[in-house]
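Raw contents of final-v9.txt, compact mmCIF, C-alpha atoms:
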```
# COMPACT_ATOMS: atom_id res chain seq x y z
CA MET A 1174 137.73 13.43 38.58
CA GLY A 1175 135.58 10.63 39.94
CA GLN A 1176 133.57 13.08 41.98
CA TYR A 1177 133.14 15.36 38.97
CA ILE A 1178 131.82 12.51 36.81
CA ASN A 1179 129.42 11.38 39.52
CA ILE A 1180 128.00 14.85 39.93
CA ALA A 1181 127.62 15.26 36.18
CA TRP A 1182 125.92 11.91 35.78
CA SER A 1183 123.56 12.46 38.68
CA SER A 1184 122.44 15.89 37.58
CA ILE A 1185 121.96 14.94 33.94
CA PHE A 1186 120.30 11.62 34.73
CA ARG A 1187 117.97 13.37 37.12
CA TYR A 1188 116.76 15.53 34.28
CA TYR A 1189 116.35 12.79 31.71
CA TYR A 1190 115.45 9.75 33.80
CA LYS A 1191 113.39 11.22 36.66
CA MET A 1192 115.55 9.36 39.14
CA PHE A 1193 116.59 10.11 42.69
CA ASN A 1194 119.68 12.00 43.75
CA GLN A 1195 121.92 10.72 46.52
CA GLU A 1196 120.28 12.79 49.26
CA GLN A 1197 116.85 11.50 48.30
CA LEU A 1198 118.10 7.90 48.23
CA ASN A 1199 119.69 8.33 51.67
CA ALA A 1200 116.47 9.75 53.05
CA ILE A 1201 114.39 6.92 51.54
CA ASP A 1202 116.78 4.34 53.02
CA THR A 1203 116.49 5.92 56.46
CA ILE A 1204 112.69 5.97 56.31
CA ILE A 1205 112.46 2.33 55.21
CA LYS A 1206 114.87 1.20 57.92
CA SER A 1207 113.29 3.13 60.75
CA HIS A 1208 109.62 2.50 59.94
CA LEU A 1209 109.72 -1.01 58.48
CA ILE A 1210 112.92 -3.00 59.06
CA ASP A 1211 113.18 -1.88 62.70
CA SER A 1212 109.55 -2.98 63.18
CA GLY A 1213 110.40 -6.59 62.33
CA VAL A 1214 109.68 -6.65 58.61
CA GLU A 1215 111.82 -9.20 56.70
CA ASN A 1216 112.44 -7.47 53.37
CA VAL A 1217 111.56 -4.18 51.75
CA ILE A 1218 112.16 -3.48 48.07
CA TYR A 1219 111.43 -0.19 46.39
CA ILE A 1220 111.16 -0.71 42.62
CA ASP A 1221 110.18 1.12 39.47
CA MET A 1222 107.44 -0.09 37.12
CA ALA A 1223 110.03 -1.36 34.63
CA GLY A 1224 111.18 -3.94 37.19
CA ASN A 1225 114.33 -2.25 38.45
CA SER A 1226 115.11 -2.27 42.14
CA ILE A 1227 115.82 1.27 43.40
CA THR A 1228 116.72 0.23 46.92
CA GLN A 1229 116.36 -2.90 49.02
CA HIS A 1230 116.66 -3.70 52.71
CA ASP A 1231 116.39 -6.83 54.82
CA ASN A 1232 116.65 -7.88 58.44
CA GLY A 1233 119.97 -9.68 57.85
CA ASN A 1234 118.44 -13.14 57.44
CA SER A 1235 117.53 -13.05 53.78
CA ASN A 1236 118.98 -14.61 50.62
CA LEU A 1237 116.40 -13.12 48.30
CA ASP A 1238 117.32 -12.66 44.62
CA TYR A 1239 116.32 -9.00 44.46
CA MET A 1240 116.74 -8.58 40.73
CA ALA A 1241 114.47 -11.47 39.83
CA PHE A 1242 111.99 -10.48 42.54
CA ALA A 1243 111.80 -6.89 41.26
CA ALA A 1244 111.14 -8.06 37.68
CA LEU A 1245 108.39 -10.44 38.80
CA ALA A 1246 106.83 -7.94 41.18
CA ALA A 1247 106.65 -5.23 38.51
CA GLY A 1248 105.06 -7.73 36.12
CA ASN A 1249 102.57 -8.82 38.75
CA PHE A 1250 101.63 -5.26 39.64
CA ALA A 1251 101.34 -4.25 35.97
CA ALA A 1252 99.09 -7.24 35.23
CA VAL A 1253 96.76 -6.38 38.12
CA ASP A 1254 96.76 -2.74 37.03
CA ALA A 1255 95.73 -3.78 33.52
CA MET A 1256 92.95 -5.96 34.99
CA ALA A 1257 91.71 -2.96 37.01
CA LYS A 1258 91.39 -0.92 33.84
CA LEU A 1259 89.45 -3.74 32.16
CA ILE A 1260 86.76 -3.53 34.85
CA GLY A 1261 86.69 0.25 34.81
CA GLU A 1262 88.83 0.93 37.90
CA SER A 1263 91.55 3.54 37.51
CA GLU A 1264 93.90 1.38 39.59
CA PHE A 1265 94.22 -1.08 42.47
CA SER A 1266 96.74 0.81 44.52
CA LEU A 1267 97.17 -2.00 47.04
CA LEU A 1268 98.03 -5.68 46.56
CA PHE A 1269 98.52 -8.33 49.21
CA HIS A 1270 99.59 -11.99 49.04
CA LYS A 1271 99.25 -14.11 52.17
CA GLY A 1272 101.60 -17.03 52.75
CA GLU A 1273 101.97 -19.60 55.52
CA LYS A 1274 105.11 -18.08 57.02
CA SER A 1275 105.52 -14.83 55.11
CA SER A 1276 103.23 -12.42 53.33
CA ILE A 1277 103.87 -9.75 50.71
CA HIS A 1278 102.33 -6.31 50.62
CA PHE A 1279 102.54 -4.08 47.51
CA SER A 1280 101.81 -0.38 47.58
CA LYS A 1281 102.00 2.10 44.73
CA VAL A 1282 104.07 5.11 45.82
CA THR A 1283 104.25 7.34 42.73
CA GLU A 1284 103.14 6.82 39.12
CA ASP A 1285 106.40 5.01 38.43
CA THR A 1286 107.31 3.28 41.69
CA ILE A 1287 106.08 0.52 44.03
CA LEU A 1288 107.05 -0.36 47.60
CA ILE A 1289 107.06 -4.08 48.41
CA THR A 1290 107.14 -5.30 52.00
CA MET A 1291 107.63 -8.92 53.10
CA PHE A 1292 106.70 -9.68 56.67
CA PRO A 1293 106.38 -12.75 58.96
CA LYS A 1294 103.08 -14.00 60.42
CA SER A 1295 104.05 -12.52 63.80
CA ILE A 1296 103.30 -9.07 62.39
CA SER A 1297 99.72 -8.17 61.55
CA LEU A 1298 98.66 -6.82 58.17
CA GLY A 1299 97.13 -3.81 59.91
CA ILE A 1300 100.45 -2.73 61.40
CA VAL A 1301 102.20 -3.21 58.07
CA ARG A 1302 99.57 -1.14 56.25
CA LEU A 1303 99.90 1.62 58.83
CA LYS A 1304 103.70 1.67 58.62
CA VAL A 1305 103.74 1.41 54.82
CA SER A 1306 101.26 4.25 54.54
CA LYS A 1307 103.62 6.46 56.61
CA VAL A 1308 106.59 5.45 54.47
CA VAL A 1309 104.67 6.15 51.24
CA THR A 1310 103.66 9.61 52.44
CA GLU A 1311 107.24 10.43 53.42
CA ILE A 1312 108.72 9.13 50.16
CA LYS A 1313 106.19 11.21 48.22
CA GLU A 1314 107.31 14.27 50.16
CA ILE A 1315 110.94 13.50 49.29
CA CYS A 1316 110.03 13.09 45.61
CA SER A 1317 108.20 16.40 45.46
CA ALA A 1318 110.84 18.33 47.41
CA MET B 1111 114.37 4.02 30.35
CA ALA B 1112 117.60 2.95 32.01
CA LEU B 1113 117.56 3.27 35.76
CA VAL B 1114 120.58 4.95 37.27
CA ASN B 1115 121.30 4.71 40.96
CA VAL B 1116 123.83 7.31 42.04
CA LYS B 1117 124.10 5.81 45.50
CA THR B 1118 124.94 2.22 44.52
CA LYS B 1119 126.62 3.45 41.29
CA GLU B 1120 124.57 1.15 39.10
CA VAL B 1121 122.96 1.55 35.69
CA LYS B 1122 120.24 -0.97 34.84
CA VAL B 1123 119.47 -1.45 31.18
CA LYS B 1124 116.42 -3.31 29.85
CA ILE B 1125 116.71 -5.20 26.57
CA VAL B 1126 113.64 -7.01 25.25
CA TYR B 1127 113.63 -9.92 22.78
CA TYR B 1128 110.48 -9.49 20.70
CA GLY B 1129 109.02 -11.51 17.83
CA PRO B 1130 106.39 -14.01 16.72
CA GLY B 1131 105.56 -17.12 18.72
CA ARG B 1132 107.95 -20.08 18.59
CA GLY B 1133 110.56 -17.87 16.92
CA GLY B 1134 113.37 -18.59 19.41
CA LYS B 1135 113.33 -15.68 21.86
CA THR B 1136 113.46 -17.88 24.93
CA THR B 1137 116.04 -20.12 23.22
CA ASN B 1138 118.33 -17.09 22.82
CA LEU B 1139 118.17 -16.42 26.55
CA GLU B 1140 118.60 -20.09 27.41
CA TYR B 1141 121.72 -20.29 25.27
CA ILE B 1142 123.19 -17.18 26.93
CA ASN B 1143 122.26 -18.52 30.37
CA ASN B 1144 123.76 -21.98 29.73
CA THR B 1145 126.93 -20.70 28.08
CA TYR B 1146 127.75 -18.05 30.68
CA ARG B 1147 126.17 -19.76 33.71
CA ASP B 1148 129.38 -19.43 35.74
CA GLN B 1149 129.50 -15.67 35.25
CA ILE B 1150 125.80 -14.96 35.79
CA LYS B 1151 125.00 -14.57 39.47
CA SER B 1152 121.23 -14.59 39.19
CA GLU B 1153 118.97 -17.45 38.07
CA MET B 1154 117.02 -17.14 34.85
CA VAL B 1155 113.33 -16.67 35.56
CA SER B 1156 110.82 -18.17 33.12
CA LEU B 1157 107.08 -17.79 33.45
CA LYS B 1158 105.70 -20.39 31.09
CA THR B 1159 102.65 -22.52 30.41
CA GLN B 1160 102.55 -26.29 30.96
CA ASP B 1161 103.49 -26.86 27.34
CA ASP B 1162 106.62 -24.70 27.67
CA ARG B 1163 105.29 -21.60 25.94
CA THR B 1164 106.20 -18.24 27.46
CA LEU B 1165 103.24 -16.97 29.48
CA PHE B 1166 104.53 -13.64 30.76
CA PHE B 1167 108.26 -13.22 30.22
CA ASP B 1168 111.72 -14.72 30.70
CA PHE B 1169 114.21 -12.67 32.66
CA LEU B 1170 117.99 -12.91 32.75
CA PRO B 1171 120.14 -10.25 34.43
CA PHE B 1172 123.95 -10.01 34.35
CA ASP B 1173 126.57 -7.32 34.81
CA ILE B 1174 129.09 -6.35 32.17
CA GLY B 1175 131.56 -4.31 34.20
CA ARG B 1176 131.87 -0.60 34.82
CA ILE B 1177 131.49 2.51 32.65
CA LYS B 1178 132.56 5.84 34.13
CA GLY B 1179 132.50 4.28 37.58
CA PHE B 1180 128.97 2.89 37.21
CA LYS B 1181 128.32 -0.86 37.30
CA VAL B 1182 126.27 -1.69 34.20
CA ILE B 1183 123.62 -4.38 34.67
CA ILE B 1184 121.97 -5.74 31.56
CA GLN B 1185 118.49 -7.19 32.09
CA LEU B 1186 117.26 -9.38 29.25
CA TYR B 1187 113.54 -10.01 28.87
CA THR B 1188 111.47 -11.93 26.34
CA VAL B 1189 107.82 -11.35 25.55
CA PRO B 1190 105.24 -14.11 25.02
CA GLY B 1191 104.99 -14.53 21.25
CA GLN B 1192 101.49 -15.96 20.97
CA VAL B 1193 99.02 -13.57 19.33
CA LYS B 1194 96.57 -13.64 22.27
CA TYR B 1195 99.14 -12.26 24.72
CA ASN B 1196 99.48 -8.77 23.28
CA ALA B 1197 98.40 -7.03 26.49
CA THR B 1198 101.24 -8.84 28.27
CA ARG B 1199 103.75 -7.93 25.56
CA ARG B 1200 102.86 -4.28 26.06
CA LEU B 1201 103.51 -4.58 29.81
CA VAL B 1202 106.95 -6.12 29.29
CA LEU B 1203 107.95 -3.26 26.96
CA LYS B 1204 107.57 -0.73 29.78
CA GLY B 1205 110.92 1.00 30.31
CA VAL B 1206 112.65 -0.76 27.41
CA ASP B 1207 116.06 0.56 26.32
CA GLY B 1208 116.87 -1.76 23.41
CA ILE B 1209 115.12 -4.42 21.33
CA VAL B 1210 116.15 -7.58 19.51
CA PHE B 1211 113.51 -8.58 16.97
CA VAL B 1212 113.71 -12.35 16.53
CA ALA B 1213 112.17 -13.29 13.18
CA ASP B 1214 111.50 -16.90 12.17
CA ILE B 1215 112.87 -17.72 8.71
CA GLN B 1216 110.40 -20.56 8.09
CA LYS B 1217 108.25 -19.77 5.08
CA PHE B 1218 104.92 -20.14 6.87
CA GLN B 1219 106.03 -17.51 9.41
CA ARG B 1220 106.53 -14.71 6.87
CA LYS B 1221 103.20 -13.00 7.54
CA ARG B 1222 103.55 -13.44 11.32
CA ASN B 1223 106.99 -11.80 11.32
CA ILE B 1224 105.57 -8.71 9.60
CA GLU B 1225 102.49 -8.60 11.83
CA SER B 1226 104.64 -8.92 14.93
CA LEU B 1227 106.93 -6.08 13.86
CA ASN B 1228 103.94 -3.85 13.11
CA GLN B 1229 102.47 -4.67 16.49
CA LEU B 1230 105.79 -3.85 18.16
CA TYR B 1231 105.63 -0.40 16.58
CA GLU B 1232 102.06 0.08 17.87
CA ASN B 1233 102.85 -1.28 21.34
CA LEU B 1234 105.82 1.06 21.73
CA LYS B 1235 103.60 3.99 20.81
CA THR B 1236 101.45 3.25 23.87
CA HIS B 1237 104.58 3.93 25.96
CA ASN B 1238 105.33 7.08 23.92
CA LEU B 1239 108.30 5.35 22.31
CA ASP B 1240 109.19 5.29 18.63
CA LEU B 1241 110.65 2.12 17.13
CA PHE B 1242 112.73 4.31 14.81
CA ASP B 1243 114.44 6.01 17.76
CA LEU B 1244 115.17 2.88 19.82
CA PRO B 1245 118.29 0.71 19.48
CA LEU B 1246 117.11 -2.31 17.47
CA VAL B 1247 118.80 -5.41 16.08
CA MET B 1248 117.16 -7.89 13.70
CA GLN B 1249 117.84 -11.57 14.14
CA TYR B 1250 116.78 -14.02 11.43
CA ASN B 1251 116.60 -17.19 13.41
CA LYS B 1252 116.63 -20.91 12.56
CA VAL B 1253 119.06 -20.70 9.59
CA ASP B 1254 120.13 -24.24 10.49
CA LEU B 1255 116.81 -25.39 8.99
CA ARG B 1256 118.00 -24.29 5.54
CA ASN B 1257 120.65 -26.98 5.61
CA LYS B 1258 117.96 -29.51 6.43
CA GLY B 1259 116.06 -28.56 3.29
CA GLU B 1260 113.17 -26.87 5.12
CA ASP B 1261 111.15 -24.28 3.21
CA SER B 1262 112.62 -20.97 4.34
CA ILE B 1263 112.50 -17.28 3.50
CA PRO B 1264 115.72 -16.01 1.86
CA THR B 1265 117.54 -13.36 3.89
CA LYS B 1266 117.11 -10.86 1.07
CA ILE B 1267 113.33 -11.17 1.34
CA LEU B 1268 113.47 -10.93 5.14
CA GLN B 1269 115.47 -7.73 4.79
CA GLN B 1270 112.87 -6.36 2.36
CA ASP B 1271 109.97 -7.38 4.59
CA LEU B 1272 111.33 -6.24 7.91
CA ASN B 1273 114.36 -4.03 7.50
CA SER B 1274 114.02 -2.00 4.30
CA VAL B 1275 112.80 1.08 6.19
CA LEU B 1276 114.36 0.52 9.61
CA ARG B 1277 117.83 -0.34 8.22
CA VAL B 1278 119.21 -1.71 11.47
CA PRO B 1279 121.96 -4.32 11.95
CA ALA B 1280 120.72 -7.83 11.13
CA PHE B 1281 122.13 -11.27 11.88
CA GLU B 1282 121.31 -14.72 10.57
CA ALA B 1283 121.24 -16.93 13.61
CA SER B 1284 120.58 -20.34 14.99
CA ALA B 1285 119.61 -19.86 18.60
CA LEU B 1286 119.38 -23.58 19.32
CA GLY B 1287 123.04 -24.16 18.50
CA GLY B 1288 124.12 -20.68 19.57
CA GLY B 1289 125.01 -19.42 16.09
CA ASN B 1290 125.29 -15.60 16.20
CA VAL B 1291 123.41 -15.44 19.50
CA MET B 1292 126.31 -13.68 21.18
CA LYS B 1293 126.95 -11.43 18.17
CA THR B 1294 123.33 -10.28 18.33
CA LEU B 1295 123.62 -9.70 22.07
CA LYS B 1296 126.90 -7.78 21.84
CA LYS B 1297 125.49 -5.59 19.08
CA ILE B 1298 122.32 -4.65 20.96
CA ILE B 1299 124.27 -3.99 24.16
CA SER B 1300 126.75 -1.69 22.43
CA MET B 1301 123.98 0.14 20.54
CA THR B 1302 121.89 0.56 23.69
CA LEU B 1303 124.79 1.84 25.78
CA ALA B 1304 125.76 4.25 23.00
CA SER B 1305 122.17 5.49 22.84
CA ILE B 1306 122.01 6.04 26.60
CA GLN B 1307 125.28 7.96 26.52
CA ASP B 1308 124.05 9.99 23.54
CA GLN B 1309 121.05 11.11 25.52
CA LEU B 1310 123.28 12.18 28.37
CA PHE B 1311 126.18 14.00 26.84
```
As structure tokens, what does this structure read like?
Amino acid sequence: MGQYINIAWSSIFRYYYKMFNQEQLNAIDTIIKSHLIDSGVENVIYIDMAGNSITQHDNGNSNLDYMAFAALAAGNFAAVDAMAKLIGESEFSLLFHKGEKSSIHFSKVTEDTILITMFPKSISLGIVRLKVSKVVTEIKEICSA
Amino acid sequence: MALVNVKTKEVKVKIVYYGPGRGGKTTNLEYINNTYRDQIKSEMVSLKTQDDRTLFFDFLPFDIGRIKGFKVIIQLYTVPGQVKYNATRRLVLKGVDGIVFVADIQKFQRKRNIESLNQLYENLKTHNLDLFDLPLVMQYNKVDLRNKGEDSIPTKILQQDLNSVLRVPAFEASALGGGNVMKTLKKIISMTLASIQDQLF
């Protein structure tokens, strides 16, 4: 019965809410872990534009409040997006905040989703951008499959 | 648009408190946060100006148990009420599932209540949403001021101004003391969950 309900919910929700099925979520988790977490990144959160966290990963040393972070990150990204439109840009697809110990990198993945990566100063922005770009390409492939 | 995660078995629902400035939207969330602090795992987030006005939004998430095996997480947001922040209000409405319209019963706020509701309708249209199709609850806030002899708008007039066409559930409330805050919340949660289920089955 439980299995039946889950299948029904997933298939119907997929149609109405453009969300991911379990196989897609598993694949996204694997990509994030192998390309980002295993490279020394502290936290990765994949969110939608409404501020919901779709999936989140950390290196085991994090106490981040993911729900609050996702809401703030979506707001931040949306505000910058609105500013882009005000100056005639279609979008700023990349956002970066540099901190003393940690930095945050935002990257738009699809029209509705953003990938956020938090990384320590021991990792360079260039490496993160390279890895994130790979992850974004692979997630896009999963979404269009 | 509720987000459903089939892997973690979670449904995330977004409810936005909307209304004119200084109407009591943030006070609603603060009351809920203070009253149920022990049961709410996450901290309330408030982005406000130096003089305590909402700048971007307030955010308060909590879970309400399971439906059909899915953990239901309610995420409450407020919008900034000040007129100049309309672009921000529009951003916060992205992905909204249910709305509480917090009207201020003070007489001088009558026009602002109506303007705010009209703007809500317009802002939702930019997200291809129709106010008439969304779960909506009216809250007429600050009724405690009536007892203090303040000049207020009678509920009948508020209903005529704001709810004669929409005809949604309405509550007189006093967010500062908590009067009908939880009734409003329970109503919008049940309406929103019913609406999400209606779209599914």
**OP:** Would you list the contacts of Ile1220 (chain A) as a ChimeraX atom specification, taking every protein, DNA or RNA residue within 6 Å and counting all atoms listed in the file, but skipping same-chain residues closer than 4 positions in sequence?
**Re:** /A:1225-1227,1286-1287
Can you list every residue of chain B that has an atom at most 7 Å from chain A, with its nearest atom pair and the distance in Å to one decimal, using all atoms listed in the file, ordered by chain then number, as CSV?
```
residue,atom,partner,partner_atom,distance
B:Met1111,CA,A:Tyr1190,CA,6.8
B:Leu1113,CA,A:Asn1225,CA,6.9
B:Val1114,CA,A:Met1192,CA,6.9
B:Asn1115,CA,A:Ile1227,CA,6.9
B:Val1116,CA,A:Gln1195,CA,5.9
B:Lys1117,CA,A:Gln1195,CA,5.5
B:Ser1152,CA,A:Asp1238,CA,7.0
B:Val1155,CA,A:Ala1241,CA,6.8
B:Leu1201,CA,A:Ala1251,CA,6.5
B:Lys1204,CA,A:Ala1223,CA,5.5
B:Gly1205,CA,A:Ala1223,CA,5.0
B:Leu1310,CA,A:Ile1185,CA,6.4
```
Taking all atoms of region 1269-1274 of chain A that appear in the file, build a box with edges along x, y and z, extend it by 6 Å on every side, and state its centre and edge lengths in Å to one decimal, as AutoDock Vina command-line options.
```
--center_x 101.8 --center_y -14.0 --center_z 53.0 --size_x 18.6 --size_y 23.3 --size_z 20.0
```
Original post:
Pick from A:Ala1243, A:Asn1236, A:Asp1285, A:Val1301: nearest to Phe1269 (chain A), with all atoms listed in the file counted?
Top reply: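 Going through A:Ala1243, A:Asn1236, A:Asp1285, A:Val1301 one by one, the smallest distance to Phe1269 (chain A) is for A:Val1301.
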Which residues are close to Gly1175 (chain B), i.e. within 12 Å by only C-alpha atoms, leaving aside same-chain residues fewer than 2 positions away? Reply as a PDB file with C-alpha atoms, keeping the file's coordinate frame.
```
ATOM      1  CA  LYS B1119     126.620   3.450  41.290  1.00  0.00           C
ATOM      2  CA  GLU B1120     124.570   1.150  39.100  1.00  0.00           C
ATOM      3  CA  VAL B1121     122.960   1.550  35.690  1.00  0.00           C
ATOM      4  CA  LYS B1122     120.240  -0.970  34.840  1.00  0.00           C
ATOM      5  CA  GLN B1149     129.500 -15.670  35.250  1.00  0.00           C
ATOM      6  CA  PHE B1172     123.950 -10.010  34.350  1.00  0.00           C
ATOM      7  CA  ASP B1173     126.570  -7.320  34.810  1.00  0.00           C
ATOM      8  CA  ILE B1177     131.490   2.510  32.650  1.00  0.00           C
ATOM      9  CA  LYS B1178     132.560   5.840  34.130  1.00  0.00           C
ATOM     10  CA  GLY B1179     132.500   4.280  37.580  1.00  0.00           C
ATOM     11  CA  PHE B1180     128.970   2.890  37.210  1.00  0.00           C
ATOM     12  CA  LYS B1181     128.320  -0.860  37.300  1.00  0.00           C
ATOM     13  CA  VAL B1182     126.270  -1.690  34.200  1.00  0.00           C
ATOM     14  CA  ILE B1183     123.620  -4.380  34.670  1.00  0.00           C
ATOM     15  CA  ILE B1184     121.970  -5.740  31.560  1.00  0.00           C
TER      16      ILE B1184
END
```
Subject >> Two-atom distance - CA of Ser1276 (chain A), CA of Ser1297 (chain A) (Å) >> reply: 9.9 Å
Original post:
CA of Leu1246 (chain B) and CA of Asp1271 (chain B), how far apart in Å?
Top reply: 15.6 Å
**OP:** Write out as a ChimeraX atom specification the residues lying within 12 Å of region 1277-1283 of chain A, counting all atoms listed in the file and excluding same-chain residues fewer than 6 positions away.
**Re:** /A:1191,1201,1214-1222,1242-1243,1246-1247,1249-1251,1253-1254,1264-1271,1289-1294,1296-1317
Original post:
Can you tell me how far CA of Leu1170 (chain B) sits from CA of Met1154 (chain B), in Å to one decimal?
Top reply: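 One can read the CA of Leu1170 (chain B) to CA of Met1154 (chain B) distance as 4.8 Å.
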Can I get the residues of region 1116-1182 of chain B within 8 Å of region 1222-1245 of chain B, each with the closest pair of atoms and their distance in Å to one decimal, using all atoms listed in the file, sorted chain first then ascending number, as JSON lines?
```
{"residue": "B:Tyr1128", "atom": "CA", "partner": "B:Leu1230", "partner_atom": "CA", "distance": 7.8}
{"residue": "B:Gly1129", "atom": "CA", "partner": "B:Ser1226", "partner_atom": "CA", "distance": 5.9}
{"residue": "B:Pro1130", "atom": "CA", "partner": "B:Ser1226", "partner_atom": "CA", "distance": 5.7}
```
**OP:** Identify which of the residues B:Asp1162, B:Asp1214, B:Asp1168, B:Glu1153 lies closest to Tyr1250 (chain B), counting all atoms listed in the file when measuring atom-to-atom distances.
**Re:**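 Comparing B:Asp1162, B:Asp1214, B:Asp1168, B:Glu1153 against Tyr1250 (chain B), the winner is B:Asp1214.
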**OP:** Can you work out which one of B:Leu1157, B:Phe1169, B:Gln1192, B:Val1247 has the shortest atom-to-atom distance to Arg1277 (chain B), counting only C-alpha atoms?
**Re:**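 The closest residue to Arg1277 (chain B) is B:Val1247.
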Would you list the residues near (117.5, -3.7, 55.6) (no more than 6 Å away, in the coordinates of the file, using all atoms listed in the file) as a PDB file with C-alpha atoms, keeping the file's coordinate frame?
```pdb
ATOM      1  CA  ILE A1210     112.920  -3.000  59.060  1.00  0.00           C
ATOM      2  CA  HIS A1230     116.660  -3.700  52.710  1.00  0.00           C
ATOM      3  CA  ASP A1231     116.390  -6.830  54.820  1.00  0.00           C
ATOM      4  CA  ASN A1232     116.650  -7.880  58.440  1.00  0.00           C
TER       5      ASN A1232
END
```
